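Novice: Pasting target.cif here (mmCIF, C-alpha atoms and all ligand atoms):
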data_final
loop_
_atom_site.group_PDB
_atom_site.id
_atom_site.type_symbol
_atom_site.label_atom_id
_atom_site.label_comp_id
_atom_site.auth_asym_id
_atom_site.auth_seq_id
_atom_site.Cartn_x
_atom_site.Cartn_y
_atom_site.Cartn_z
ATOM 1 C CA MET A 1 -37.342 15.813 2.577
ATOM 2 C CA ALA A 2 -34.269 13.758 3.351
ATOM 3 C CA ARG A 3 -32.262 16.639 4.785
ATOM 4 C CA LEU A 4 -34.982 17.602 7.243
ATOM 5 C CA ALA A 5 -35.468 13.975 8.242
ATOM 6 C CA PHE A 6 -31.744 13.740 8.936
ATOM 7 C CA ALA A 7 -31.852 16.901 11.100
ATOM 8 C CA VAL A 8 -34.795 15.542 13.057
ATOM 9 C CA LYS A 9 -33.062 12.191 13.560
ATOM 10 C CA SER A 10 -29.850 13.898 14.644
ATOM 11 C CA LEU A 11 -31.791 15.971 17.153
ATOM 12 C CA GLN A 12 -33.541 12.897 18.519
ATOM 13 C CA ARG A 13 -30.191 11.186 19.002
ATOM 14 C CA LEU A 14 -28.833 14.228 20.810
ATOM 15 C CA LEU A 15 -31.891 14.368 23.060
ATOM 16 C CA ARG A 16 -31.536 10.686 23.816
ATOM 17 C CA SER A 17 -27.932 11.624 24.615
ATOM 18 C CA GLN A 18 -26.275 9.131 22.359
ATOM 19 C CA PRO A 19 -22.840 8.429 23.890
ATOM 20 C CA ARG A 20 -19.872 10.173 22.286
ATOM 21 C CA SER A 21 -17.838 6.965 22.291
ATOM 22 C CA CYS A 22 -15.870 5.845 19.243
ATOM 23 C CA PRO A 23 -18.047 3.988 16.709
ATOM 24 C CA TYR A 24 -15.030 1.879 15.698
ATOM 25 C CA CYS A 25 -13.235 0.805 18.888
ATOM 26 C CA GLY A 26 -15.799 1.794 21.527
ATOM 27 C CA SER A 27 -13.373 3.988 23.470
ATOM 28 C CA ALA A 28 -14.888 6.796 25.533
ATOM 29 C CA ASN A 29 -11.691 8.781 24.998
ATOM 30 C CA THR A 30 -12.885 10.975 22.114
ATOM 31 C CA THR A 31 -12.161 14.654 21.534
ATOM 32 C CA PHE A 32 -14.357 17.387 20.075
ATOM 33 C CA LEU A 33 -12.637 18.950 17.046
ATOM 34 C CA GLN A 34 -15.189 21.180 15.359
ATOM 35 C CA ARG A 35 -18.895 21.866 15.020
ATOM 36 C CA LYS A 36 -20.748 21.807 11.695
ATOM 37 C CA LYS A 37 -24.147 23.344 11.017
ATOM 38 C CA LEU A 38 -25.160 23.559 14.670
ATOM 39 C CA LEU A 39 -26.140 19.890 15.104
ATOM 40 C CA LEU A 40 -23.056 17.976 13.985
ATOM 41 C CA GLU A 41 -19.731 17.481 15.723
ATOM 42 C CA LEU A 42 -16.484 16.274 14.198
ATOM 43 C CA ARG A 43 -14.775 14.172 16.874
ATOM 44 C CA ARG A 44 -11.575 12.144 17.006
ATOM 45 C CA CYS A 45 -10.972 8.938 18.930
ATOM 46 C CA GLU A 46 -7.709 9.248 20.844
ATOM 47 C CA ASP A 47 -7.298 5.467 20.924
ATOM 48 C CA CYS A 48 -7.828 4.266 17.330
ATOM 49 C CA GLY A 49 -7.450 7.659 15.587
ATOM 50 C CA LEU A 50 -10.803 7.610 13.780
ATOM 51 C CA MET A 51 -12.450 10.966 13.041
ATOM 52 C CA PHE A 52 -16.219 10.619 13.073
ATOM 53 C CA ARG A 53 -19.468 12.513 12.901
ATOM 54 C CA TYR A 54 -21.564 12.876 16.051
ATOM 55 C CA PRO A 55 -24.486 12.093 16.283
ATOM 56 C CA LYS A 56 -23.532 8.699 14.911
ATOM 57 C CA ASP A 57 -25.560 6.501 12.553
ATOM 58 C CA ASP A 58 -27.210 3.384 13.702
ATOM 59 C CA PRO A 59 -26.839 0.578 11.145
ATOM 60 C CA ASP A 60 -30.578 0.233 10.561
ATOM 61 C CA THR A 61 -31.045 3.920 9.689
ATOM 62 C CA SER A 62 -28.067 3.745 7.389
ATOM 63 C CA PHE A 63 -29.441 0.743 5.530
ATOM 64 C CA ARG A 64 -32.796 2.419 4.858
ATOM 65 C CA PHE A 65 -31.037 5.625 3.899
ATOM 66 C CA TYR A 66 -29.132 3.845 1.138
ATOM 67 C CA GLN A 67 -32.264 2.134 -0.145
ATOM 68 C CA GLU A 68 -34.252 5.314 -0.484
ATOM 69 C CA ALA A 69 -32.806 8.724 0.092
ATOM 70 C CA TYR A 70 -29.226 8.666 -1.070
ATOM 71 C CA GLU A 71 -28.590 10.903 -4.041
ATOM 72 C CA GLN A 72 -25.276 12.247 -5.173
ATOM 73 C CA GLY A 73 -25.123 13.095 -8.839
ATOM 74 C CA VAL A 74 -24.620 10.449 -11.449
ATOM 75 C CA THR A 75 -22.566 8.128 -9.255
ATOM 76 C CA THR A 76 -25.701 7.112 -7.378
ATOM 77 C CA ASP A 77 -28.645 8.633 -9.282
ATOM 78 C CA LEU A 78 -29.874 5.982 -11.580
ATOM 79 C CA PRO A 79 -29.078 7.181 -15.116
ATOM 80 C CA LYS A 80 -31.752 7.392 -17.788
ATOM 81 C CA ASP A 81 -31.625 5.001 -20.748
ATOM 82 C CA THR A 82 -30.293 7.647 -23.140
ATOM 83 C CA THR A 83 -27.523 8.684 -20.740
ATOM 84 C CA LEU A 84 -26.665 5.065 -20.187
ATOM 85 C CA SER A 85 -26.353 4.134 -23.855
ATOM 86 C CA ARG A 86 -24.134 7.184 -24.426
ATOM 87 C CA LEU A 87 -21.938 6.192 -21.464
ATOM 88 C CA ILE A 88 -21.639 2.651 -22.809
ATOM 89 C CA GLN A 89 -20.864 3.882 -26.342
ATOM 90 C CA THR A 90 -18.052 6.061 -25.054
ATOM 91 C CA ARG A 91 -16.959 3.364 -22.550
ATOM 92 C CA PHE A 92 -17.528 5.931 -19.773
ATOM 93 C CA ALA A 93 -14.517 7.926 -21.017
ATOM 94 C CA GLY A 94 -14.372 11.425 -19.546
ATOM 95 C CA SER A 95 -17.600 10.931 -17.560
ATOM 96 C CA GLU A 96 -17.976 11.427 -13.823
ATOM 97 C CA VAL A 97 -17.874 7.664 -13.429
ATOM 98 C CA ASP A 98 -14.828 7.050 -15.627
ATOM 99 C CA LEU A 99 -12.653 4.749 -13.513
ATOM 100 C CA ALA A 100 -9.657 4.699 -15.881
ATOM 101 C CA SER A 101 -7.399 6.121 -13.182
ATOM 102 C CA ASN A 102 -8.501 3.517 -10.595
ATOM 103 C CA ILE A 103 -8.049 0.734 -13.136
ATOM 104 C CA ALA A 104 -4.562 1.986 -14.013
ATOM 105 C CA ILE A 105 -3.640 1.924 -10.306
ATOM 106 C CA VAL A 106 -4.900 -1.656 -9.916
ATOM 107 C CA LYS A 107 -2.972 -2.635 -13.064
ATOM 108 C CA ARG A 108 0.292 -1.483 -11.514
ATOM 109 C CA TYR A 109 -0.112 -4.608 -9.352
ATOM 110 C CA LYS A 110 -2.371 -7.024 -11.214
ATOM 111 C CA GLN A 111 -3.273 -7.198 -14.908
ATOM 112 C CA SER A 112 -6.232 -9.516 -14.441
ATOM 113 C CA GLY A 113 -7.956 -11.754 -11.921
ATOM 114 C CA ARG A 114 -11.167 -12.092 -9.984
ATOM 115 C CA LEU A 115 -12.169 -8.677 -8.648
ATOM 116 C CA LEU A 116 -14.835 -7.561 -6.164
ATOM 117 C CA ASP A 117 -16.053 -3.952 -6.494
ATOM 118 C CA TYR A 118 -17.268 -3.384 -2.919
ATOM 119 C CA GLY A 119 -20.033 -0.735 -2.875
ATOM 120 C CA CYS A 120 -20.414 -0.740 -6.644
ATOM 121 C CA SER A 121 -23.580 1.433 -6.917
ATOM 122 C CA TRP A 122 -25.183 0.768 -10.330
ATOM 123 C CA GLY A 123 -22.272 -1.263 -11.616
ATOM 124 C CA TYR A 124 -20.298 1.189 -13.755
ATOM 125 C CA GLY A 125 -17.056 0.046 -12.091
ATOM 126 C CA VAL A 126 -17.841 -3.647 -12.497
ATOM 127 C CA TYR A 127 -18.541 -2.944 -16.178
ATOM 128 C CA GLN A 128 -15.280 -1.029 -16.711
ATOM 129 C CA PHE A 129 -13.130 -3.544 -14.819
ATOM 130 C CA THR A 130 -14.711 -6.344 -16.871
ATOM 131 C CA ASN A 131 -13.849 -4.490 -20.086
ATOM 132 C CA SER A 132 -10.294 -4.054 -18.824
ATOM 133 C CA GLY A 133 -9.641 -7.772 -18.495
ATOM 134 C CA PHE A 134 -10.827 -8.541 -14.958
ATOM 135 C CA GLU A 135 -13.399 -11.076 -13.894
ATOM 136 C CA ALA A 136 -15.404 -8.533 -11.919
ATOM 137 C CA VAL A 137 -18.328 -8.881 -9.507
ATOM 138 C CA GLY A 138 -20.012 -6.088 -7.562
ATOM 139 C CA PHE A 139 -21.437 -5.779 -4.063
ATOM 140 C CA GLU A 140 -24.169 -3.172 -3.453
ATOM 141 C CA ILE A 141 -26.747 -3.085 -0.645
ATOM 142 C CA SER A 142 -29.083 -0.736 -2.531
ATOM 143 C CA LYS A 143 -31.356 -3.130 -4.383
ATOM 144 C CA PRO A 144 -32.543 -0.624 -7.056
ATOM 145 C CA ARG A 145 -28.915 0.110 -7.983
ATOM 146 C CA ALA A 146 -27.934 -3.552 -7.990
ATOM 147 C CA ALA A 147 -30.955 -4.280 -10.201
ATOM 148 C CA LEU A 148 -29.982 -1.582 -12.694
ATOM 149 C CA ALA A 149 -26.435 -2.929 -12.844
ATOM 150 C CA ARG A 150 -27.723 -6.384 -13.731
ATOM 151 C CA HIS A 151 -30.385 -5.216 -16.114
ATOM 152 C CA ALA A 152 -28.678 -2.416 -18.009
ATOM 153 C CA LEU A 153 -25.002 -3.311 -17.766
ATOM 154 C CA LYS A 154 -25.388 -7.102 -17.575
ATOM 155 C CA VAL A 155 -22.912 -7.351 -14.730
ATOM 156 C CA ASP A 156 -22.964 -9.654 -11.723
ATOM 157 C CA VAL A 157 -23.877 -7.924 -8.444
ATOM 158 C CA ILE A 158 -24.403 -9.341 -4.953
ATOM 159 C CA ASP A 159 -27.030 -7.241 -3.153
ATOM 160 C CA SER A 160 -27.021 -8.486 0.451
ATOM 161 C CA LEU A 161 -24.558 -9.071 3.271
ATOM 162 C CA GLU A 162 -25.858 -12.637 3.435
ATOM 163 C CA GLY A 163 -24.896 -13.108 -0.214
ATOM 164 C CA LEU A 164 -21.412 -11.827 0.553
ATOM 165 C CA ASP A 165 -21.140 -14.156 3.562
ATOM 166 C CA ARG A 166 -21.967 -17.134 1.349
ATOM 167 C CA LEU A 167 -18.872 -16.579 -0.808
ATOM 168 C CA ALA A 168 -15.980 -18.928 -0.105
ATOM 169 C CA ASP A 169 -12.880 -17.676 1.701
ATOM 170 C CA ALA A 170 -10.145 -16.391 -0.619
ATOM 171 C CA SER A 171 -12.570 -15.811 -3.513
ATOM 172 C CA PHE A 172 -10.816 -12.743 -4.944
ATOM 173 C CA ASP A 173 -7.477 -11.573 -6.274
ATOM 174 C CA ILE A 174 -8.484 -7.921 -5.885
ATOM 175 C CA ILE A 175 -10.996 -5.968 -3.791
ATOM 176 C CA HIS A 176 -11.642 -2.440 -5.061
ATOM 177 C CA CYS A 177 -13.597 -0.079 -2.799
ATOM 178 C CA SER A 178 -13.903 3.500 -4.005
ATOM 179 C CA HIS A 179 -15.527 6.240 -1.886
ATOM 180 C CA VAL A 180 -17.572 3.764 0.117
ATOM 181 C CA LEU A 181 -15.992 3.369 3.588
ATOM 182 C CA GLU A 182 -16.813 6.947 4.615
ATOM 183 C CA HIS A 183 -20.498 6.077 4.196
ATOM 184 C CA ILE A 184 -20.853 2.830 6.124
ATOM 185 C CA PRO A 185 -20.978 2.736 9.932
ATOM 186 C CA GLN A 186 -19.806 -0.895 10.267
ATOM 187 C CA LEU A 187 -16.104 -0.764 9.491
ATOM 188 C CA ARG A 188 -14.909 -3.795 11.458
ATOM 189 C CA PRO A 189 -17.115 -6.374 9.712
ATOM 190 C CA THR A 190 -16.143 -4.742 6.421
ATOM 191 C CA PHE A 191 -12.394 -5.044 7.111
ATOM 192 C CA ALA A 192 -12.928 -8.642 8.270
ATOM 193 C CA ALA A 193 -14.824 -9.421 5.045
ATOM 194 C CA PHE A 194 -12.023 -7.878 2.962
ATOM 195 C CA ARG A 195 -9.471 -10.134 4.640
ATOM 196 C CA ARG A 196 -11.611 -13.256 4.454
ATOM 197 C CA LEU A 197 -12.508 -12.814 0.797
ATOM 198 C CA LEU A 198 -8.997 -11.994 -0.445
ATOM 199 C CA LYS A 199 -6.496 -14.639 -1.471
ATOM 200 C CA PRO A 200 -3.205 -14.580 0.470
ATOM 201 C CA SER A 201 -1.636 -13.118 -2.679
ATOM 202 C CA GLY A 202 -4.541 -10.672 -3.049
ATOM 203 C CA LEU A 203 -4.693 -6.898 -3.167
ATOM 204 C CA LEU A 204 -6.994 -4.433 -1.413
ATOM 205 C CA VAL A 205 -7.364 -1.050 -3.155
ATOM 206 C CA VAL A 206 -9.348 1.582 -1.248
ATOM 207 C CA PHE A 207 -10.084 5.198 -2.163
ATOM 208 C CA VAL A 208 -11.557 7.651 0.375
ATOM 209 C CA PRO A 209 -11.594 11.435 0.791
ATOM 210 C CA ASN A 210 -8.292 12.368 2.425
ATOM 211 C CA ALA A 211 -9.063 14.149 5.694
ATOM 212 C CA GLY A 212 -5.299 14.347 6.237
ATOM 213 C CA GLY A 213 -4.782 16.232 2.968
ATOM 214 C CA ARG A 214 -3.705 19.853 2.631
ATOM 215 C CA LEU A 215 -7.151 21.268 1.839
ATOM 216 C CA ALA A 216 -8.919 19.228 4.525
ATOM 217 C CA ARG A 217 -6.468 20.416 7.167
ATOM 218 C CA ALA A 218 -6.830 24.028 6.049
ATOM 219 C CA MET A 219 -10.639 24.047 5.810
ATOM 220 C CA GLY A 220 -11.749 21.634 8.538
ATOM 221 C CA VAL A 221 -15.485 20.908 8.382
ATOM 222 C CA ASP A 222 -15.864 23.465 5.589
ATOM 223 C CA TRP A 223 -14.074 20.950 3.361
ATOM 224 C CA GLY A 224 -17.114 19.301 1.739
ATOM 225 C CA PRO A 225 -16.243 15.601 2.167
ATOM 226 C CA MET A 226 -15.167 15.906 5.830
ATOM 227 C CA ILE A 227 -18.405 14.936 7.609
ATOM 228 C CA SER A 228 -22.019 15.303 6.551
ATOM 229 C CA GLU A 229 -25.304 13.473 6.464
ATOM 230 C CA LYS A 230 -23.672 11.044 4.017
ATOM 231 C CA HIS A 231 -20.188 10.853 5.486
ATOM 232 C CA CYS A 232 -20.035 9.365 8.961
ATOM 233 C CA PHE A 233 -16.219 9.149 8.967
ATOM 234 C CA ALA A 234 -13.262 11.298 7.958
ATOM 235 C CA PHE A 235 -10.207 9.166 7.266
ATOM 236 C CA ASP A 236 -6.518 9.865 7.226
ATOM 237 C CA ALA A 237 -3.623 7.487 6.549
ATOM 238 C CA GLN A 238 -2.898 7.177 10.263
ATOM 239 C CA PHE A 239 -6.244 5.478 10.955
ATOM 240 C CA PHE A 240 -5.632 2.729 8.392
ATOM 241 C CA ALA A 241 -1.977 2.351 9.409
ATOM 242 C CA ARG A 242 -3.036 1.806 13.021
ATOM 243 C CA ASN A 243 -6.036 -0.438 12.451
ATOM 244 C CA LEU A 244 -5.657 -2.513 9.274
ATOM 245 C CA PRO A 245 -2.758 -4.634 10.654
ATOM 246 C CA ALA A 246 -5.189 -6.211 13.165
ATOM 247 C CA PHE A 247 -7.002 -7.606 10.121
ATOM 248 C CA GLY A 248 -3.826 -9.004 8.604
ATOM 249 C CA PHE A 249 -3.091 -6.142 6.188
ATOM 250 C CA ALA A 250 0.082 -4.168 5.651
ATOM 251 C CA PRO A 251 -1.155 -0.893 4.117
ATOM 252 C CA MET A 252 0.711 1.589 1.881
ATOM 253 C CA PHE A 253 -0.596 5.034 0.985
ATOM 254 C CA GLY A 254 -0.833 7.441 -1.905
ATOM 255 C CA SER A 255 -2.846 10.580 -2.584
ATOM 256 C CA SER A 256 -4.257 12.292 -5.664
ATOM 257 C CA PRO A 257 -3.147 12.914 -8.369
ATOM 258 C CA HIS A 258 -1.668 9.419 -7.771
ATOM 259 C CA ASP A 259 1.509 10.029 -9.754
ATOM 260 C CA SER A 260 3.975 8.742 -7.174
ATOM 261 C CA ALA A 261 4.510 5.308 -5.668
ATOM 262 C CA PRO A 262 2.632 4.496 -2.438
ATOM 263 C CA VAL A 263 4.566 4.972 0.809
ATOM 264 C CA SER A 264 4.356 3.497 4.299
ATOM 265 C CA TYR A 265 2.888 5.637 7.054
ATOM 266 C CA VAL A 266 5.563 6.994 9.379
ATOM 267 C CA SER A 267 4.128 10.014 11.187
ATOM 268 C CA LYS A 268 1.522 12.758 10.861
ATOM 269 C CA GLU A 269 4.240 15.129 9.658
ATOM 270 C CA GLN A 270 5.454 12.720 6.988
ATOM 271 C CA ALA A 271 1.860 12.039 5.854
ATOM 272 C CA ALA A 272 1.115 15.769 5.639
ATOM 273 C CA GLU A 273 4.128 16.196 3.382
ATOM 274 C CA GLN A 274 3.832 13.059 1.242
ATOM 275 C CA LEU A 275 0.033 12.648 1.080
ATOM 276 C CA PRO A 276 -1.319 16.175 0.472
ATOM 277 C CA GLY A 277 -4.022 15.357 -2.117
ATOM 278 C CA GLU A 278 -7.775 15.361 -1.643
ATOM 279 C CA GLU A 279 -8.153 11.639 -2.313
ATOM 280 C CA LEU A 280 -6.391 9.000 -0.212
ATOM 281 C CA LEU A 281 -5.351 5.687 -1.756
ATOM 282 C CA VAL A 282 -4.832 2.714 0.542
ATOM 283 C CA VAL A 283 -3.142 -0.290 -1.062
ATOM 284 C CA ALA A 284 -2.855 -3.307 1.180
ATOM 285 C CA GLN A 285 -1.710 -6.855 0.716
ATOM 286 C CA PRO A 286 -2.295 -9.497 3.352
ATOM 287 C CA ALA A 287 0.724 -9.425 5.662
ATOM 288 C CA THR A 288 3.241 -12.121 4.761
ATOM 289 C CA SER A 289 3.918 -13.621 8.179
ATOM 290 C CA PRO A 290 1.685 -16.655 8.710
ATOM 291 C CA GLY A 291 1.182 -15.752 12.359
ATOM 292 C CA ASN A 292 -0.450 -12.399 11.644
ATOM 293 C CA ARG A 293 -3.487 -11.649 13.750
ATOM 294 C CA GLN A 294 -6.813 -12.049 12.038
ATOM 295 C CA GLY A 295 -9.322 -9.286 12.655
ATOM 296 C CA ASP A 296 -10.996 -9.571 16.005
ATOM 297 C CA ASP A 297 -14.762 -9.438 16.155
ATOM 298 C CA ARG A 298 -15.337 -6.813 18.785
ATOM 299 C CA GLY A 299 -17.899 -4.133 18.049
HETATM 300 ZN ZN ZN A 301 -11.654 4.459 18.418
#
Can you turn what I pasted into structure tokens?
Specialist:
Amino acid sequence: MARLAFAVKSLQRLLRSQPRSCPYCGSANTTFLQRKKLLLELRRCEDCGLMFRYPKDDPDTSFRFYQEAYEQGVTTDLPKDTTLSRLIQTRFAGSEVDLASNIAIVKRYKQSGRLLDYGCSWGYGVYQFTNSGFEAVGFEISKPRAALARHALKVDVIDSLEGLDRLADASFDIIHCSHVLEHIPQLRPTFAAFRRLLKPSGLLVVFVPNAGGRLARAMGVDWGPMISEKHCFAFDAQFFARNLPAFGFAPMFGSSPHDSAPVSYVSKEQAAEQLPGEELLVVAQPATSPGNRQGDDRG
């Protein structure tokens, strides 16, 4: 069983005394915040601001995990044919994978264009963006999900990092990445890929659970999305505000229910007041100054 395997792996990592350094910036200056279910720790890096789960994932384990064991309701369970045809008939309206709200947010900035859905699972987002006037392509490392997207939804999906690397610089007007970053241990290469693949006039639109939100702050690790087997990171606006500029992005932030205009990050206090919702929206355009630093390759 996946859960037991995860517990065993976590225990092995503890026994091997995996270092408690930051999985993003490598700093040893990390602080224990809270324990979850005996084996897990929520820690925060005092240098880059990332909150992360300890024991940490190694990239290889994570890759296999997403091929085989990852199950989370209809967003990742492969739907049966009957479910699928009903979803297509109703254009996903009102379903768990209805992305109307995400599409409306993207459309505040761009009505059309070439769009990459990064971490697209079985392609429901690629399908909906295509039907909303975008030229959409997906990226998904789980081959069964990528295959279903191609076969059942007839959408274009890239299913390997190598495939992504082969794309030309500045291939996209929009990169959409919804509830994906909290799952993948390699954030730096991901941010670098976002920057490389976006046009200078492009738009990055990221959704993650908001660990800086009101409920997350009140409940700590008892807030479901905080850290778990599936979630190696817990993000707040501060982390992106501190770290995306190194990759040439100038991020703005919103939170659910996404009814007000995104704001710049000023301070923890301001974020707590203006970004209280459970879902964090990060909207970032490449910074305008030509001399902006490109993402460095460390880590
Ligand atoms: Zn760090």
Novice: Measuring atom to atom with all atoms listed in the file, identify which of A:Val205, A:Met51, A:Asn243, A:Arg166 is nearest to A:Thr30.
Specialist: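 Smallest distance to A:Thr30 is found for A:Met51.
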Novice: Select, from A:Ile103, A:Asp173, A:Ser10, A:Arg242, the residue with the minimum atom-to-atom distance to ligand ZN 301 (chain A), counting all atoms listed in the file.
Specialist: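 Using all atoms listed in the file, ligand ZN 301 (chain A) sits closest to A:Arg242.
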Novice: Please, what distance in Å, to one decimal, runs between atom CA of A:Pro262 and atom CA of A:Pro209?
Specialist: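 Between these atoms lies a distance of 16.2 Å.
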Novice: Report as a list in words which protein, DNA and RNA residues come within 7 Å of ligand ZN 301 (chain A), using all atoms listed in the file.
Specialist: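 Listed by chain and ascending number, the contacts are Cys22, Pro23, Tyr24, Cys25, Gly26, Ser27, Cys45, Glu46, Asp47, Cys48, Gly49 and Leu50 of chain A.
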Novice: Please indicate the distance in Å from atom CA of A:Thr83 to atom CA of A:Phe129, rounded to one decimal place.
Specialist: 19.8 Å
Novice: Between A:Val208, A:Gly277, A:His179, A:Ala5, which one has atoms that come closest to A:Phe240, using all atoms listed in the file?
Specialist: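 That would be A:Val208, the residue with the smallest distance to A:Phe240.
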Novice: The PyMOL selection byres (((chain A and resi 197) around 8) and not hetatm) - which residues does that actually catch in the file I just gave you? List them as an MDAnalysis selection string.
Specialist: chainID A and resid 167:172 193:196 198:199
Novice: Convert the current residue selection to file output with C-alpha atoms, as a short mmCIF file (atom, residue, chain, number, x, y, z; two decimals), in the frame of the given file.
Specialist:
data_model
loop_
_atom_site.label_atom_id
_atom_site.label_comp_id
_atom_site.auth_asym_id
_atom_site.auth_seq_id
_atom_site.Cartn_x
_atom_site.Cartn_y
_atom_site.Cartn_z
CA LEU A 167 -18.87 -16.58 -0.81
CA ALA A 168 -15.98 -18.93 -0.10
CA ASP A 169 -12.88 -17.68 1.70
CA ALA A 170 -10.14 -16.39 -0.62
CA SER A 171 -12.57 -15.81 -3.51
CA PHE A 172 -10.82 -12.74 -4.94
CA ALA A 193 -14.82 -9.42 5.04
CA PHE A 194 -12.02 -7.88 2.96
CA ARG A 195 -9.47 -10.13 4.64
CA ARG A 196 -11.61 -13.26 4.45
CA LEU A 198 -9.00 -11.99 -0.44
CA LYS A 199 -6.50 -14.64 -1.47
#
Novice: Between atom CA of A:Gln18 and atom CA of A:Pro189, what is the distance in Å, rounded to a tenth?
Specialist: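 Answer for the atom CA of A:Gln18 to atom CA of A:Pro189 separation: 22.0 Å.
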Novice: For A:Glu41, which residue out of A:Val126, A:Ala149, A:Met226, A:Ala237 is the nearest one, using only C-alpha atoms?
Specialist: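 Using only C-alpha atoms, A:Glu41 sits closest to A:Met226.
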Novice: Calculated over all atoms listed in the file, which of the candidates A:Lys268, A:Lys56, A:His183, A:Lys107 has the smallest distance to A:Phe6?
Specialist: A:Lys56
Novice: Going by the chain IDs and residue numbers used in this file, which residues fall under the PyMOL selection byres (((chain A and resi 89-100) around 12) and not hetatm)? Write them as a ChimeraX atom specification.
Specialist: /A:72-77,79,82-88,101-107,117,120-132,153,176-179,207
Novice: Could you give me, as a ChimeraX atom specification, the residues within 8 Å of A:Val263, counting only C-alpha atoms and dropping anything in the same chain fewer than 3 positions from it?
Specialist: /A:252-254
Novice: Return the single residue from A:Thr190, A:Ser267, A:Ser21, A:Ser142 that is closest to A:Gln238, with distances computed using only C-alpha atoms.
Specialist: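 Going through A:Thr190, A:Ser267, A:Ser21, A:Ser142 one by one, the smallest distance to A:Gln238 is for A:Ser267.
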Novice: Please evaluate the PyMOL selection byres (((chain A and resi 139) around 8) and not hetatm) against the displayed coordinates and give the resulting residues as a count of residues only.
Specialist: 15
Novice: Show me, as an MDAnalysis selection string, the residues that have an atom within 12 Å of A:Phe191 when counting only C-alpha atoms, minus same-chain residues fewer than 6 positions from it.
Specialist: chainID A and resid 24 118 175 177 181 184:185 197:198 204 206 240 243:249 284 286 294:297
